[in-house]
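Colleague: Input structure: run_22.pdb, which contains PDB, C-alpha atoms.
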ATOM      1  CA  MET A   1      79.413   3.838 -12.522  1.00  0.00           C
ATOM      2  CA  ASN A   2      79.779   5.173 -16.087  1.00  0.00           C
ATOM      3  CA  PHE A   3      78.357   8.379 -17.533  1.00  0.00           C
ATOM      4  CA  ASN A   4      75.302   6.695 -19.114  1.00  0.00           C
ATOM      5  CA  SER A   5      74.349   5.088 -15.803  1.00  0.00           C
ATOM      6  CA  LEU A   6      74.697   8.398 -13.954  1.00  0.00           C
ATOM      7  CA  PHE A   7      72.609  10.181 -16.586  1.00  0.00           C
ATOM      8  CA  TYR A   8      69.870   7.554 -16.409  1.00  0.00           C
ATOM      9  CA  LEU A   9      69.803   7.744 -12.596  1.00  0.00           C
ATOM     10  CA  TYR A  10      69.617  11.547 -12.709  1.00  0.00           C
ATOM     11  CA  PHE A  11      66.849  11.507 -15.342  1.00  0.00           C
ATOM     12  CA  SER A  12      64.801   8.905 -13.439  1.00  0.00           C
ATOM     13  CA  THR A  13      65.098  10.847 -10.177  1.00  0.00           C
ATOM     14  CA  CYS A  14      63.987  14.105 -11.819  1.00  0.00           C
ATOM     15  CA  ARG A  15      61.081  12.377 -13.536  1.00  0.00           C
ATOM     16  CA  TYR A  16      59.923  10.864 -10.252  1.00  0.00           C
ATOM     17  CA  MET A  17      60.126  14.242  -8.478  1.00  0.00           C
ATOM     18  CA  ILE A  18      58.161  15.994 -11.241  1.00  0.00           C
ATOM     19  CA  LEU A  19      55.419  13.357 -11.251  1.00  0.00           C
ATOM     20  CA  SER A  20      55.191  13.460  -7.451  1.00  0.00           C
ATOM     21  CA  LEU A  21      54.900  17.255  -7.474  1.00  0.00           C
ATOM     22  CA  LEU A  22      52.228  17.081 -10.171  1.00  0.00           C
ATOM     23  CA  ALA A  23      50.238  14.573  -8.097  1.00  0.00           C
ATOM     24  CA  VAL A  24      50.348  16.899  -5.094  1.00  0.00           C
ATOM     25  CA  ILE A  25      49.199  19.870  -7.194  1.00  0.00           C
ATOM     26  CA  LEU A  26      46.293  17.912  -8.652  1.00  0.00           C
ATOM     27  CA  ALA A  27      45.268  16.612  -5.243  1.00  0.00           C
ATOM     28  CA  PHE A  28      44.875  20.146  -3.920  1.00  0.00           C
ATOM     29  CA  THR A  29      43.292  21.675  -7.013  1.00  0.00           C
ATOM     30  CA  PRO A  30      39.626  22.410  -6.119  1.00  0.00           C
ATOM     31  CA  SER A  31      36.848  21.155  -8.359  1.00  0.00           C
ATOM     32  CA  VAL A  32      34.361  23.549  -9.960  1.00  0.00           C
ATOM     33  CA  SER A  33      31.924  22.689  -7.162  1.00  0.00           C
ATOM     34  CA  GLU A  34      34.452  23.794  -4.553  1.00  0.00           C
ATOM     35  CA  ALA A  35      35.733  27.005  -6.123  1.00  0.00           C
ATOM     36  CA  GLY A  36      35.041  29.092  -9.193  1.00  0.00           C
ATOM     37  CA  THR A  37      31.947  29.423 -11.317  1.00  0.00           C
ATOM     38  CA  VAL A  38      29.178  26.978 -10.477  1.00  0.00           C
ATOM     39  CA  LYS A  39      27.162  25.781 -13.471  1.00  0.00           C
ATOM     40  CA  ILE A  40      23.422  25.550 -12.808  1.00  0.00           C
ATOM     41  CA  MET A  41      21.046  23.881 -15.269  1.00  0.00           C
ATOM     42  CA  PRO A  42      17.337  24.792 -14.963  1.00  0.00           C
ATOM     43  CA  LEU A  43      15.746  21.578 -16.270  1.00  0.00           C
ATOM     44  CA  GLY A  44      12.090  20.983 -16.926  1.00  0.00           C
ATOM     45  CA  ASP A  45       9.071  21.864 -19.015  1.00  0.00           C
ATOM     46  CA  SER A  46       7.069  25.036 -19.696  1.00  0.00           C
ATOM     47  CA  ILE A  47       7.232  26.114 -16.058  1.00  0.00           C
ATOM     48  CA  THR A  48      10.993  26.338 -16.495  1.00  0.00           C
ATOM     49  CA  GLN A  49      10.949  27.754 -20.020  1.00  0.00           C
ATOM     50  CA  GLY A  50       8.216  30.357 -19.634  1.00  0.00           C
ATOM     51  CA  TYR A  51       6.027  31.966 -22.306  1.00  0.00           C
ATOM     52  CA  ARG A  52       6.833  34.905 -24.551  1.00  0.00           C
ATOM     53  CA  GLY A  53       6.297  38.291 -22.967  1.00  0.00           C
ATOM     54  CA  ARG A  54       6.380  36.777 -19.477  1.00  0.00           C
ATOM     55  CA  ASP A  55       9.142  36.102 -16.994  1.00  0.00           C
ATOM     56  CA  SER A  56       9.846  32.697 -15.464  1.00  0.00           C
ATOM     57  CA  TYR A  57      11.415  31.825 -12.131  1.00  0.00           C
ATOM     58  CA  ARG A  58      14.796  31.769 -13.880  1.00  0.00           C
ATOM     59  CA  ARG A  59      15.089  35.559 -14.054  1.00  0.00           C
ATOM     60  CA  GLY A  60      14.148  36.201 -10.440  1.00  0.00           C
ATOM     61  CA  LEU A  61      16.494  33.469  -9.249  1.00  0.00           C
ATOM     62  CA  TRP A  62      19.397  34.698 -11.359  1.00  0.00           C
ATOM     63  CA  LEU A  63      19.038  38.281 -10.135  1.00  0.00           C
ATOM     64  CA  LYS A  64      18.966  37.167  -6.493  1.00  0.00           C
ATOM     65  CA  LEU A  65      22.007  34.956  -6.958  1.00  0.00           C
ATOM     66  CA  LYS A  66      24.011  37.760  -8.547  1.00  0.00           C
ATOM     67  CA  GLU A  67      22.838  40.226  -5.927  1.00  0.00           C
ATOM     68  CA  ALA A  68      24.205  37.858  -3.280  1.00  0.00           C
ATOM     69  CA  GLY A  69      27.548  37.641  -5.037  1.00  0.00           C
ATOM     70  CA  ALA A  70      27.210  34.027  -6.161  1.00  0.00           C
ATOM     71  CA  ASP A  71      29.555  33.104  -9.009  1.00  0.00           C
ATOM     72  CA  VAL A  72      27.118  31.082 -11.101  1.00  0.00           C
ATOM     73  CA  ASP A  73      26.473  30.344 -14.750  1.00  0.00           C
ATOM     74  CA  PHE A  74      23.088  29.109 -15.975  1.00  0.00           C
ATOM     75  CA  VAL A  75      23.671  26.479 -18.667  1.00  0.00           C
ATOM     76  CA  GLY A  76      21.570  24.764 -21.310  1.00  0.00           C
ATOM     77  CA  SER A  77      20.907  24.640 -25.048  1.00  0.00           C
ATOM     78  CA  MET A  78      17.829  26.908 -24.838  1.00  0.00           C
ATOM     79  CA  LYS A  79      17.642  30.686 -24.424  1.00  0.00           C
ATOM     80  CA  ASN A  80      14.221  31.998 -25.354  1.00  0.00           C
ATOM     81  CA  SER A  81      10.816  31.489 -23.863  1.00  0.00           C
ATOM     82  CA  PHE A  82       8.196  29.513 -25.763  1.00  0.00           C
ATOM     83  CA  MET A  83       7.135  31.362 -28.925  1.00  0.00           C
ATOM     84  CA  GLY A  84       9.488  34.277 -28.307  1.00  0.00           C
ATOM     85  CA  THR A  85      11.453  36.276 -25.778  1.00  0.00           C
ATOM     86  CA  PRO A  86      10.624  36.805 -22.090  1.00  0.00           C
ATOM     87  CA  ALA A  87       9.423  40.103 -20.658  1.00  0.00           C
ATOM     88  CA  HIS A  88      12.987  40.929 -19.548  1.00  0.00           C
ATOM     89  CA  GLU A  89      16.330  39.814 -20.951  1.00  0.00           C
ATOM     90  CA  ASP A  90      18.583  41.191 -18.203  1.00  0.00           C
ATOM     91  CA  PHE A  91      19.728  37.797 -16.917  1.00  0.00           C
ATOM     92  CA  ASP A  92      21.523  34.613 -17.948  1.00  0.00           C
ATOM     93  CA  MET A  93      18.860  33.054 -20.185  1.00  0.00           C
ATOM     94  CA  ASP A  94      20.462  29.626 -20.776  1.00  0.00           C
ATOM     95  CA  HIS A  95      18.257  26.721 -19.699  1.00  0.00           C
ATOM     96  CA  GLU A  96      16.778  23.318 -20.568  1.00  0.00           C
ATOM     97  CA  GLY A  97      13.086  24.058 -20.167  1.00  0.00           C
ATOM     98  CA  HIS A  98      10.955  22.496 -22.920  1.00  0.00           C
ATOM     99  CA  TRP A  99       7.335  23.494 -23.334  1.00  0.00           C
ATOM    100  CA  GLY A 100       4.962  20.523 -23.217  1.00  0.00           C
ATOM    101  CA  TRP A 101       7.652  17.906 -22.633  1.00  0.00           C
ATOM    102  CA  ARG A 102       7.256  14.879 -20.393  1.00  0.00           C
ATOM    103  CA  ALA A 103       9.996  13.236 -18.352  1.00  0.00           C
ATOM    104  CA  ASP A 104      10.525  10.538 -21.001  1.00  0.00           C
ATOM    105  CA  GLN A 105      11.237  13.208 -23.619  1.00  0.00           C
ATOM    106  CA  ILE A 106      13.771  14.864 -21.348  1.00  0.00           C
ATOM    107  CA  LEU A 107      15.286  11.423 -20.726  1.00  0.00           C
ATOM    108  CA  GLU A 108      15.820  10.934 -24.472  1.00  0.00           C
ATOM    109  CA  ASN A 109      17.968  14.071 -24.646  1.00  0.00           C
ATOM    110  CA  ILE A 110      19.587  14.530 -21.246  1.00  0.00           C
ATOM    111  CA  ASP A 111      22.773  12.628 -22.055  1.00  0.00           C
ATOM    112  CA  SER A 112      23.790  15.030 -24.823  1.00  0.00           C
ATOM    113  CA  TRP A 113      22.938  18.095 -22.722  1.00  0.00           C
ATOM    114  CA  ALA A 114      24.757  16.797 -19.648  1.00  0.00           C
ATOM    115  CA  ALA A 115      27.812  15.798 -21.683  1.00  0.00           C
ATOM    116  CA  ARG A 116      27.954  19.232 -23.293  1.00  0.00           C
ATOM    117  CA  PHE A 117      27.373  21.425 -20.227  1.00  0.00           C
ATOM    118  CA  LYS A 118      28.323  19.204 -17.239  1.00  0.00           C
ATOM    119  CA  PRO A 119      26.205  21.125 -14.707  1.00  0.00           C
ATOM    120  CA  ASP A 120      27.260  21.217 -11.067  1.00  0.00           C
ATOM    121  CA  ILE A 121      23.680  21.816  -9.894  1.00  0.00           C
ATOM    122  CA  VAL A 122      20.443  20.857 -11.646  1.00  0.00           C
ATOM    123  CA  LEU A 123      17.099  22.456 -10.797  1.00  0.00           C
ATOM    124  CA  MET A 124      14.672  19.739 -11.879  1.00  0.00           C
ATOM    125  CA  HIS A 125      10.951  20.547 -12.041  1.00  0.00           C
ATOM    126  CA  LEU A 126       9.454  17.718 -14.093  1.00  0.00           C
ATOM    127  CA  GLY A 127       6.226  15.738 -14.138  1.00  0.00           C
ATOM    128  CA  THR A 128       3.445  18.234 -14.846  1.00  0.00           C
ATOM    129  CA  ASN A 129       2.929  17.106 -18.439  1.00  0.00           C
ATOM    130  CA  ASP A 130       3.221  13.459 -17.432  1.00  0.00           C
ATOM    131  CA  ILE A 131       0.340  14.004 -15.010  1.00  0.00           C
ATOM    132  CA  GLY A 132      -1.640  15.850 -17.661  1.00  0.00           C
ATOM    133  CA  SER A 133      -1.023  13.050 -20.173  1.00  0.00           C
ATOM    134  CA  HIS A 134      -2.166  10.398 -17.672  1.00  0.00           C
ATOM    135  CA  GLN A 135       1.235   8.735 -17.663  1.00  0.00           C
ATOM    136  CA  ASP A 136       1.786   6.035 -15.082  1.00  0.00           C
ATOM    137  CA  ILE A 137       3.194   7.719 -11.968  1.00  0.00           C
ATOM    138  CA  ILE A 138       5.624   4.916 -11.130  1.00  0.00           C
ATOM    139  CA  GLU A 139       6.902   5.037 -14.700  1.00  0.00           C
ATOM    140  CA  THR A 140       7.473   8.795 -14.457  1.00  0.00           C
ATOM    141  CA  VAL A 141       9.360   8.426 -11.171  1.00  0.00           C
ATOM    142  CA  THR A 142      11.506   5.737 -12.787  1.00  0.00           C
ATOM    143  CA  GLU A 143      12.280   8.116 -15.657  1.00  0.00           C
ATOM    144  CA  LEU A 144      13.414  10.751 -13.166  1.00  0.00           C
ATOM    145  CA  GLU A 145      15.714   8.158 -11.617  1.00  0.00           C
ATOM    146  CA  ARG A 146      17.222   7.411 -15.010  1.00  0.00           C
ATOM    147  CA  ILE A 147      17.698  11.120 -15.698  1.00  0.00           C
ATOM    148  CA  ILE A 148      19.604  11.433 -12.417  1.00  0.00           C
ATOM    149  CA  ASP A 149      21.761   8.428 -13.320  1.00  0.00           C
ATOM    150  CA  ILE A 150      22.722  10.052 -16.628  1.00  0.00           C
ATOM    151  CA  LEU A 151      23.474  13.398 -14.991  1.00  0.00           C
ATOM    152  CA  ARG A 152      25.788  11.587 -12.572  1.00  0.00           C
ATOM    153  CA  LYS A 153      27.453   9.690 -15.387  1.00  0.00           C
ATOM    154  CA  ASN A 154      28.511  13.004 -16.885  1.00  0.00           C
ATOM    155  CA  ASN A 155      29.354  14.638 -13.543  1.00  0.00           C
ATOM    156  CA  PRO A 156      29.641  12.246 -10.590  1.00  0.00           C
ATOM    157  CA  GLY A 157      29.513  15.181  -8.171  1.00  0.00           C
ATOM    158  CA  VAL A 158      26.357  16.822  -9.494  1.00  0.00           C
ATOM    159  CA  THR A 159      23.820  18.133  -6.977  1.00  0.00           C
ATOM    160  CA  ILE A 160      20.155  17.624  -7.874  1.00  0.00           C
ATOM    161  CA  LEU A 161      17.466  19.935  -6.502  1.00  0.00           C
ATOM    162  CA  LEU A 162      14.419  17.756  -7.153  1.00  0.00           C
ATOM    163  CA  ALA A 163      11.095  19.587  -7.130  1.00  0.00           C
ATOM    164  CA  GLN A 164       7.858  18.365  -5.728  1.00  0.00           C
ATOM    165  CA  ILE A 165       5.961  20.036  -8.525  1.00  0.00           C
ATOM    166  CA  LEU A 166       3.484  22.898  -8.415  1.00  0.00           C
ATOM    167  CA  PRO A 167      -0.235  22.274  -8.027  1.00  0.00           C
ATOM    168  CA  VAL A 168      -2.602  23.225 -10.832  1.00  0.00           C
ATOM    169  CA  ALA A 169      -6.070  24.717 -10.753  1.00  0.00           C
ATOM    170  CA  PHE A 170      -7.733  21.373 -11.490  1.00  0.00           C
ATOM    171  CA  SER A 171      -8.584  19.232  -8.473  1.00  0.00           C
ATOM    172  CA  TYR A 172      -8.588  15.900 -10.323  1.00  0.00           C
ATOM    173  CA  ALA A 173      -5.026  16.541 -11.542  1.00  0.00           C
ATOM    174  CA  ASN A 174      -3.852  17.635  -8.096  1.00  0.00           C
ATOM    175  CA  ILE A 175      -4.769  14.241  -6.654  1.00  0.00           C
ATOM    176  CA  ARG A 176      -2.296  12.646  -9.065  1.00  0.00           C
ATOM    177  CA  ILE A 177       0.258  15.420  -8.483  1.00  0.00           C
ATOM    178  CA  MET A 178       0.156  14.762  -4.739  1.00  0.00           C
ATOM    179  CA  THR A 179       0.661  11.033  -5.304  1.00  0.00           C
ATOM    180  CA  PHE A 180       3.593  11.793  -7.596  1.00  0.00           C
ATOM    181  CA  ASN A 181       5.110  14.291  -5.150  1.00  0.00           C
ATOM    182  CA  ASP A 182       4.762  11.837  -2.266  1.00  0.00           C
ATOM    183  CA  ALA A 183       6.960   9.361  -4.140  1.00  0.00           C
ATOM    184  CA  LEU A 184       9.864  11.761  -4.619  1.00  0.00           C
ATOM    185  CA  PRO A 185      11.330  11.894  -1.076  1.00  0.00           C
ATOM    186  CA  GLU A 186      11.767   8.117  -1.114  1.00  0.00           C
ATOM    187  CA  LEU A 187      13.427   8.356  -4.536  1.00  0.00           C
ATOM    188  CA  ALA A 188      15.780  11.035  -3.231  1.00  0.00           C
ATOM    189  CA  LYS A 189      16.571   9.016  -0.100  1.00  0.00           C
ATOM    190  CA  SER A 190      17.383   5.917  -2.119  1.00  0.00           C
ATOM    191  CA  LEU A 191      19.714   7.780  -4.499  1.00  0.00           C
ATOM    192  CA  ASN A 192      21.283  10.382  -2.223  1.00  0.00           C
ATOM    193  CA  SER A 193      25.023  10.116  -1.595  1.00  0.00           C
ATOM    194  CA  ASP A 194      27.791  12.157   0.011  1.00  0.00           C
ATOM    195  CA  LYS A 195      29.312  12.784  -3.410  1.00  0.00           C
ATOM    196  CA  SER A 196      26.082  13.642  -5.236  1.00  0.00           C
ATOM    197  CA  SER A 197      23.317  15.077  -3.080  1.00  0.00           C
ATOM    198  CA  ILE A 198      19.643  15.058  -3.963  1.00  0.00           C
ATOM    199  CA  ILE A 199      17.662  17.765  -2.186  1.00  0.00           C
ATOM    200  CA  ILE A 200      13.860  17.800  -2.271  1.00  0.00           C
ATOM    201  CA  VAL A 201      12.336  21.231  -2.962  1.00  0.00           C
ATOM    202  CA  ASN A 202       8.648  21.394  -2.067  1.00  0.00           C
ATOM    203  CA  HIS A 203       7.054  23.764  -4.590  1.00  0.00           C
ATOM    204  CA  PHE A 204       3.582  22.337  -3.953  1.00  0.00           C
ATOM    205  CA  SER A 205       3.162  23.576  -0.400  1.00  0.00           C
ATOM    206  CA  GLY A 206       2.014  27.187  -0.070  1.00  0.00           C
ATOM    207  CA  PHE A 207       1.295  27.616  -3.778  1.00  0.00           C
ATOM    208  CA  ASP A 208      -2.253  28.615  -4.760  1.00  0.00           C
ATOM    209  CA  ALA A 209      -2.837  27.751  -8.401  1.00  0.00           C
ATOM    210  CA  THR A 210      -5.892  29.992  -8.631  1.00  0.00           C
ATOM    211  CA  ARG A 211      -3.961  33.058  -7.434  1.00  0.00           C
ATOM    212  CA  ASP A 212      -0.356  32.267  -8.302  1.00  0.00           C
ATOM    213  CA  THR A 213      -0.805  31.320 -11.985  1.00  0.00           C
ATOM    214  CA  TYR A 214      -2.090  33.185 -15.020  1.00  0.00           C
ATOM    215  CA  ASP A 215      -3.765  30.138 -16.580  1.00  0.00           C
ATOM    216  CA  GLY A 216      -4.153  27.558 -13.827  1.00  0.00           C
ATOM    217  CA  ILE A 217      -0.733  26.022 -14.551  1.00  0.00           C
ATOM    218  CA  HIS A 218       2.019  28.569 -15.202  1.00  0.00           C
ATOM    219  CA  PRO A 219       3.209  30.925 -12.443  1.00  0.00           C
ATOM    220  CA  ASN A 220       2.401  34.634 -12.531  1.00  0.00           C
ATOM    221  CA  ASP A 221       4.493  37.189 -10.642  1.00  0.00           C
ATOM    222  CA  SER A 222       3.369  36.007  -7.198  1.00  0.00           C
ATOM    223  CA  GLY A 223       3.903  32.385  -8.190  1.00  0.00           C
ATOM    224  CA  ILE A 224       7.355  33.147  -9.571  1.00  0.00           C
ATOM    225  CA  LYS A 225       8.315  34.815  -6.305  1.00  0.00           C
ATOM    226  CA  LYS A 226       7.220  31.733  -4.358  1.00  0.00           C
ATOM    227  CA  MET A 227       9.273  29.475  -6.625  1.00  0.00           C
ATOM    228  CA  VAL A 228      12.344  31.672  -6.296  1.00  0.00           C
ATOM    229  CA  ILE A 229      12.070  31.614  -2.507  1.00  0.00           C
ATOM    230  CA  LYS A 230      11.931  27.803  -2.515  1.00  0.00           C
ATOM    231  CA  TRP A 231      14.887  27.431  -4.897  1.00  0.00           C
ATOM    232  CA  ILE A 232      16.908  29.936  -2.850  1.00  0.00           C
ATOM    233  CA  ALA A 233      16.260  28.051   0.390  1.00  0.00           C
ATOM    234  CA  ALA A 234      17.621  24.881  -1.219  1.00  0.00           C
ATOM    235  CA  LEU A 235      20.548  26.590  -2.934  1.00  0.00           C
ATOM    236  CA  ASN A 236      21.640  28.164   0.342  1.00  0.00           C
ATOM    237  CA  LYS A 237      22.331  24.640   1.595  1.00  0.00           C
ATOM    238  CA  VAL A 238      24.676  24.137  -1.344  1.00  0.00           C
ATOM    239  CA  LEU A 239      26.257  27.472  -2.181  1.00  0.00           C
ATOM    240  CA  THR A 240      27.112  28.655   1.332  1.00  0.00           C
ATOM    241  CA  ASN A 241      28.967  25.393   1.941  1.00  0.00           C
ATOM    242  CA  THR A 242      31.326  26.215  -0.948  1.00  0.00           C
ATOM    243  CA  GLY A 243      32.178  29.623   0.424  1.00  0.00           C
ATOM    244  CA  ILE A 244      31.287  31.367  -2.848  1.00  0.00           C
ATOM    245  CA  SER A 245      28.119  33.026  -1.655  1.00  0.00           C
ATOM    246  CA  LYS A 246      26.644  34.712   1.366  1.00  0.00           C
ATOM    247  CA  ASP A 247      23.119  33.811   2.419  1.00  0.00           C
ATOM    248  CA  ILE A 248      20.589  34.699  -0.255  1.00  0.00           C
ATOM    249  CA  VAL A 249      17.291  36.253   0.772  1.00  0.00           C
ATOM    250  CA  TYR A 250      14.312  37.369  -1.232  1.00  0.00           C
TER     251      TYR A 250
END
Please, can you express the file's structure as structure tokens?

Modeller:
Amino acid sequence: MNFNSLFYLYFSTCRYMILSLLAVILAFTPSVSEAGTVKIMPLGDSITQGYRGRDSYRRGLWLKLKEAGADVDFVGSMKNSFMGTPAHEDFDMDHEGHWGWRADQILENIDSWAARFKPDIVLMHLGTNDIGSHQDIIETVTELERIIDILRKNNPGVTILLAQILPVAFSYANIRIMTFNDALPELAKSLNSDKSSIIIVNHFSGFDATRDTYDGIHPNDSGIKKMVIKWIAALNKVLTNTGISKDIVY
């Protein structure tokens, strides 16, 4: 065997060993969902965004997560509340809450947001404005399904916390809200997978729109606390399984 043949054999063997070692390293490198900072996208309408001079559930949730030691990052293209800043700015203010938006409007934009931020967990509270605009309920549920599909396209392992939305202080609207909410568990069941979980979060139950809102729709301090408790209960199912957080209590 001449020198060139020996050199080629040596080079090929080294290349094979390096590629094999690299494959082993990559196989045991944890994803963001398994270790490191978890990106959470609060996604929704005015209930997610909040109004100027008032807090939303996002602040209370963020403070509880940090208090528990969770390594999380709220993500989104928005920072402020509607028409200005919130009452407090001592939290991660990034979000995708859009005042007055329906599910179809979120659907038109979700691909760019998901591609940019690639959230690991999405807190989705959507449908209130669709109900208020007399949108067809089946159509709205279908739009939520398409939003989930796009989120998964950008991160196949994304976890969706899908809210059964808050009641409002208008009985005629609550009839439609209950019909909408009743359709969501079946949607979640049909789309849920081991790789990308969909967890229903029931924000309707136990919420009194006459006492827990400041205008019949948007949560006041007591309503915010109730929302935070519900989000925390769902997040505990996700975060404690990754080992990055102890149990979170309110």

Colleague: Report the residues retrieved by the PyMOL selection byres ((chain A and resi 72) around 7) from the displayed file, expressed as a PDB file with C-alpha atoms, keeping the file's coordinate frame.

Modeller:
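Result file follows (selection-v8.pdb):
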ATOM      1  CA  THR A  37      31.947  29.423 -11.317  1.00  0.00           C
ATOM      2  CA  VAL A  38      29.178  26.978 -10.477  1.00  0.00           C
ATOM      3  CA  LYS A  39      27.162  25.781 -13.471  1.00  0.00           C
ATOM      4  CA  ILE A  40      23.422  25.550 -12.808  1.00  0.00           C
ATOM      5  CA  ALA A  70      27.210  34.027  -6.161  1.00  0.00           C
ATOM      6  CA  ASP A  71      29.555  33.104  -9.009  1.00  0.00           C
ATOM      7  CA  ASP A  73      26.473  30.344 -14.750  1.00  0.00           C
ATOM      8  CA  PHE A  74      23.088  29.109 -15.975  1.00  0.00           C
TER       9      PHE A  74
END

Colleague: Could you expand the PyMOL selection byres ((chain A and resi 142) around 12) into the explicit residues it covers here, written as a PyMOL selection string?

Modeller: chain A and resi 103-104+107+127+135-141+143-149+180+183-184+186-188+191

Colleague: List, as a PyMOL selection string, every residue that the PyMOL selection byres ((chain A and resi 113) around 12) selects in the file provided.

Modeller: chain A and resi 41-43+75-78+94-97+106-112+114-119+122+147+150-151+154-155

Colleague: Mind giving me the straight-line distance from atom CA of A:Tyr214 to atom CA of A:Glu67 in Å, one decimal?

Modeller: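 Separating atom CA of A:Tyr214 from atom CA of A:Glu67 is a distance of 27.5 Å.
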
Colleague: Under the rule that only C-alpha atoms are counted, which of A:Gly223, A:Gly36, A:Gly132, A:Gly216 is the nearest residue to A:Tyr57?

Modeller: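 Closest to A:Tyr57 of all the choices is A:Gly223.
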
Colleague: Which value, in Å to one decimal, gives the distance between atom CA of A:Ala173 and atom CA of A:Lys225?

Modeller: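 Rounded to one decimal, the two atoms are 23.2 Å apart.
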
Colleague: Of the candidates A:Ser81, A:Ile248, A:Pro219, A:Ala209, which shows the shortest atom-to-atom distance to A:Ala233, using all atoms listed in the file?

Modeller: A:Ile248
